Amino acid sequence: QVQLVESGGGLVQAGGSLRLACAASTDIFRAYNMAWYRRGPGNQRDQVATITPGGTTTYADSVKGRFTISRDNAKNTVSLQMNSLKPEDTAIYYCNANGRFSGINYWGQGTQVTVSS
């Protein structure tokens with residue numbers, strides 16, 4: 001069982017920045033691909049960015065060039081730096097851990113990001 005705790009959400013004006021962080025309670029953090037997802041108002045949960053233990057990243061087209069995912073394998077943390085935020089980035093953001101060998105998914109409780117125009 002992996003517990004994920006997110007922090008860093010809040011209210012920001014369009015064009016501003018926020019940094020989300022997620023702390024994972026596991027002794028085998030390197031066994032997990034990490035990701036951020038988001039669920040906007042009335043929408044499904046969409047993948048935003050992913051990162052492998054080795055640091056390979058992927059991004060949704062809507063956030064490329066604005067968001068950066070990173071991880072610290074020594075501290076069991078993953079972060080999402082969000083720049084040039086837009087109102088359409090408003091959503092609940094979830095941290096996800098996906099077992100590379102087990103395929104099991106773990107989710108954080110979510111953190112609200114609101115971007116005002």
# chains A, B, ... in the order shown; residues from 1 in each chain; ligands from 1
$ residues_around --residues "Met82 in chain A" --least-positions-apart "4" --cutoff "7 Å" --atoms "only C-alpha atoms" --output "PDB file with N, CA, C and O atoms, in the first residue's frame"
ATOM      1  N   SER A  17       1.942  31.256 -11.557  1.00  0.00           N
ATOM      2  CA  SER A  17       2.577  29.950 -11.388  1.00  0.00           C
ATOM      3  C   SER A  17       2.186  29.322 -10.061  1.00  0.00           C
ATOM      4  O   SER A  17       1.889  30.023  -9.085  1.00  0.00           O
ATOM      5  N   LEU A  18       2.191  28.000 -10.057  1.00  0.00           N
ATOM      6  CA  LEU A  18       2.020  27.216  -8.836  1.00  0.00           C
ATOM      7  C   LEU A  18       2.906  25.996  -8.932  1.00  0.00           C
ATOM      8  O   LEU A  18       3.199  25.518 -10.036  1.00  0.00           O
ATOM      9  N   ARG A  19       3.296  25.483  -7.778  1.00  0.00           N
ATOM     10  CA  ARG A  19       4.075  24.254  -7.742  1.00  0.00           C
ATOM     11  C   ARG A  19       3.363  23.266  -6.839  1.00  0.00           C
ATOM     12  O   ARG A  19       3.134  23.542  -5.659  1.00  0.00           O
ATOM     13  N   ARG A  66       4.586  24.532 -20.622  1.00  0.00           N
ATOM     14  CA  ARG A  66       4.160  25.344 -19.474  1.00  0.00           C
ATOM     15  C   ARG A  66       4.368  24.607 -18.146  1.00  0.00           C
ATOM     16  O   ARG A  66       4.669  25.226 -17.131  1.00  0.00           O
ATOM     17  N   PHE A  67       4.171  23.286 -18.165  1.00  0.00           N
ATOM     18  CA  PHE A  67       4.288  22.487 -16.946  1.00  0.00           C
ATOM     19  C   PHE A  67       5.553  21.637 -17.009  1.00  0.00           C
ATOM     20  O   PHE A  67       5.967  21.191 -18.082  1.00  0.00           O
ATOM     21  N   THR A  68       6.147  21.388 -15.838  1.00  0.00           N
ATOM     22  CA  THR A  68       7.316  20.533 -15.743  1.00  0.00           C
ATOM     23  C   THR A  68       7.143  19.574 -14.569  1.00  0.00           C
ATOM     24  O   THR A  68       6.926  20.017 -13.432  1.00  0.00           O
TER      25      THR A  68
END
$ residues_around --residues "Pro53 in chain A" --least-positions-apart "6" --cutoff "10 Å" --atoms "only C-alpha atoms" --output "list in words"
Phe29, Arg30, Ala31, Tyr32, Asn33, Met34, Ser70, Arg71, Asp72, Asn73 and Arg100 of chain A
$ closest_atom_pairs --of "range 4-61 of chain A" --to "range 86-93 of chain A" --cutoff "7 Å" --atoms "only C-alpha atoms" --output "Markdown table"
| residue | atom | partner | partner_atom | distance |
| --- | --- | --- | --- | --- |
| A:Ala14 | CA | A:Lys86 | CA | 5.0 |
| A:Gly15 | CA | A:Lys86 | CA | 6.4 |
| A:Trp36 | CA | A:Tyr93 | CA | 6.7 |
| A:Tyr37 | CA | A:Tyr93 | CA | 5.7 |
| A:Arg38 | CA | A:Tyr93 | CA | 4.3 |
| A:Arg39 | CA | A:Ala91 | CA | 5.2 |
| A:Gly40 | CA | A:Ala91 | CA | 4.1 |
| A:Pro41 | CA | A:Ala91 | CA | 6.7 |
$ residues_around --residues "Trp107 in chain A" --least-positions-apart "6" --cutoff "8 Å" --atoms "only C-alpha atoms" --output "count of residues only"
6
$ atom_distance --atom1 "CA of Ser7 in chain A" --atom2 "CA of Ile51 in chain A"
18.3 Å
$ select_by_dssp --residues "range 7-105 of chain A" --states "helix (DSSP H, G or I)" --output "list of chain:residue names"
A:Phe29, A:Arg30, A:Ala31, A:Pro87, A:Glu88, A:Asp89
$ write_last_selection --atoms "C-alpha atoms" --output "PDB file, in the first residue's frame"
ATOM      1  CA  PHE A  29       9.721   4.615  -4.771  1.00  0.00           C
ATOM      2  CA  ARG A  30      11.813   3.578  -7.764  1.00  0.00           C
ATOM      3  CA  ALA A  31       9.339   0.787  -8.447  1.00  0.00           C
ATOM      4  CA  PRO A  87      -8.362  29.480 -16.502  1.00  0.00           C
ATOM      5  CA  GLU A  88      -8.837  26.156 -18.286  1.00  0.00           C
ATOM      6  CA  ASP A  89      -6.160  24.665 -16.007  1.00  0.00           C
TER       7      ASP A  89
END
$ closest_residue --among "A:Ser25, A:Val115, A:Thr57, A:Ser102" --to "Lys75 in chain A" --atoms "only C-alpha atoms"
A:Ser25
$ atom_distance --atom1 "CA of Thr50 in chain A" --atom2 "CA of Gly16 in chain A"
22.2 Å
$ closest_residue --among "A:Lys64, A:Gly110, A:Gly10, A:Phe101" --to "Ala49 in chain A" --atoms "only C-alpha atoms"
A:Lys64
$ atom_distance --atom1 "CA of Cys22 in chain A" --atom2 "CA of Gln44 in chain A"
21.1 Å
$ decode --residues "chain A" --atoms "C-alpha atoms" --output "CSV table (one decimal), in the first residue's frame"
chain,number,residue,atom,x,y,z
A,1,GLN,CA,0.0,0.0,0.0
A,2,VAL,CA,1.3,3.4,-1.0
A,3,GLN,CA,0.0,6.6,0.5
A,4,LEU,CA,0.3,9.8,-1.5
A,5,VAL,CA,-0.1,13.3,0.0
A,6,GLU,CA,-0.4,16.3,-2.3
A,7,SER,CA,0.2,19.9,-1.4
A,8,GLY,CA,0.6,23.2,-3.1
A,9,GLY,CA,-2.8,23.9,-4.7
A,10,GLY,CA,-4.5,27.3,-4.5
A,11,LEU,CA,-5.9,30.3,-6.3
A,12,VAL,CA,-3.8,32.2,-8.8
A,13,GLN,CA,-4.4,34.7,-11.5
A,14,ALA,CA,-4.0,33.8,-15.2
A,15,GLY,CA,-0.4,33.9,-16.2
A,16,GLY,CA,0.8,33.0,-12.7
A,17,SER,CA,2.6,30.0,-11.4
A,18,LEU,CA,2.0,27.2,-8.8
A,19,ARG,CA,4.1,24.3,-7.7
A,20,LEU,CA,2.4,21.0,-6.6
A,21,ALA,CA,4.2,18.5,-4.5
A,22,CYS,CA,3.4,14.9,-3.7
A,23,ALA,CA,5.0,12.8,-1.0
A,24,ALA,CA,4.9,9.0,-1.3
A,25,SER,CA,5.1,6.6,1.7
A,26,THR,CA,7.0,3.7,0.2
A,27,ASP,CA,10.4,2.2,0.6
A,28,ILE,CA,10.5,1.3,-3.1
A,29,PHE,CA,9.7,4.6,-4.8
A,30,ARG,CA,11.8,3.6,-7.8
A,31,ALA,CA,9.3,0.8,-8.4
A,32,TYR,CA,6.7,3.3,-9.5
A,33,ASN,CA,6.1,5.5,-12.5
A,34,MET,CA,4.6,8.7,-11.1
A,35,ALA,CA,2.1,11.0,-12.8
A,36,TRP,CA,-0.2,13.9,-12.3
A,37,TYR,CA,-3.8,13.8,-13.4
A,38,ARG,CA,-6.5,16.5,-13.2
A,39,ARG,CA,-10.3,16.6,-13.2
A,40,GLY,CA,-12.0,19.8,-14.3
A,41,PRO,CA,-15.6,20.8,-13.5
A,42,GLY,CA,-17.8,18.1,-14.9
A,43,ASN,CA,-15.0,16.4,-16.7
A,44,GLN,CA,-13.2,13.0,-16.5
A,45,ARG,CA,-9.8,12.7,-14.9
A,46,ASP,CA,-7.2,13.3,-17.6
A,47,GLN,CA,-3.5,12.6,-17.5
A,48,VAL,CA,-1.3,15.7,-17.3
A,49,ALA,CA,2.3,14.5,-17.0
A,50,THR,CA,4.2,11.3,-16.3
A,51,ILE,CA,7.7,10.5,-15.1
A,52,THR,CA,9.6,7.2,-14.9
A,53,PRO,CA,12.1,6.5,-12.2
A,54,GLY,CA,14.9,7.3,-14.7
A,55,GLY,CA,13.4,10.7,-15.4
A,56,THR,CA,11.7,10.2,-18.8
A,57,THR,CA,8.7,12.5,-19.0
A,58,THR,CA,5.6,12.8,-21.1
A,59,TYR,CA,3.1,15.7,-21.2
A,60,ALA,CA,-0.4,16.3,-22.4
A,61,ASP,CA,-0.5,18.6,-25.4
A,62,SER,CA,-2.4,21.2,-23.5
A,63,VAL,CA,0.4,21.7,-20.9
A,64,LYS,CA,3.5,21.2,-23.0
A,65,GLY,CA,6.0,24.1,-22.6
A,66,ARG,CA,4.2,25.3,-19.5
A,67,PHE,CA,4.3,22.5,-16.9
A,68,THR,CA,7.3,20.5,-15.7
A,69,ILE,CA,7.2,17.3,-13.8
A,70,SER,CA,10.1,16.2,-11.7
A,71,ARG,CA,10.9,13.6,-9.0
A,72,ASP,CA,13.4,13.2,-6.2
A,73,ASN,CA,14.0,9.4,-5.7
A,74,ALA,CA,15.9,10.1,-2.5
A,75,LYS,CA,13.0,12.0,-0.9
A,76,ASN,CA,10.2,10.0,-2.4
A,77,THR,CA,8.6,13.1,-3.9
A,78,VAL,CA,7.2,14.2,-7.2
A,79,SER,CA,6.5,17.8,-8.2
A,80,LEU,CA,4.6,19.6,-10.9
A,81,GLN,CA,5.8,23.2,-11.7
A,82,MET,CA,3.0,25.0,-13.5
A,83,ASN,CA,3.7,28.2,-15.3
A,84,SER,CA,1.7,30.5,-17.5
A,85,LEU,CA,-1.5,29.2,-16.0
A,86,LYS,CA,-4.8,29.5,-17.8
A,87,PRO,CA,-8.4,29.5,-16.5
A,88,GLU,CA,-8.8,26.2,-18.3
A,89,ASP,CA,-6.2,24.7,-16.0
A,90,THR,CA,-8.6,25.0,-13.1
A,91,ALA,CA,-9.1,21.5,-11.8
A,92,ILE,CA,-8.5,19.1,-8.9
A,93,TYR,CA,-5.0,17.7,-9.4
A,94,TYR,CA,-4.2,14.2,-8.4
A,95,CYS,CA,-0.9,12.5,-7.8
A,96,ASN,CA,-0.7,8.9,-9.1
A,97,ALA,CA,1.8,6.1,-8.5
A,98,ASN,CA,1.7,3.2,-11.0
A,99,GLY,CA,3.6,0.0,-10.1
A,100,ARG,CA,6.0,-0.8,-12.9
A,101,PHE,CA,5.7,-4.5,-12.3
A,102,SER,CA,2.4,-4.9,-10.5
A,103,GLY,CA,0.4,-2.4,-12.5
A,104,ILE,CA,-1.4,-1.3,-9.4
A,105,ASN,CA,-2.5,2.3,-9.2
A,106,TYR,CA,-2.5,4.5,-6.1
A,107,TRP,CA,-4.0,7.9,-5.8
A,108,GLY,CA,-3.7,11.0,-3.6
A,109,GLN,CA,-6.7,12.8,-2.2
A,110,GLY,CA,-6.3,15.6,-4.8
A,111,THR,CA,-5.5,19.3,-4.5
A,112,GLN,CA,-7.6,22.2,-5.9
A,113,VAL,CA,-6.0,24.6,-8.4
A,114,THR,CA,-8.1,27.6,-9.4
A,115,VAL,CA,-7.0,30.0,-12.1
A,116,SER,CA,-8.9,33.3,-12.3
A,117,SER,CA,-9.1,35.3,-15.5
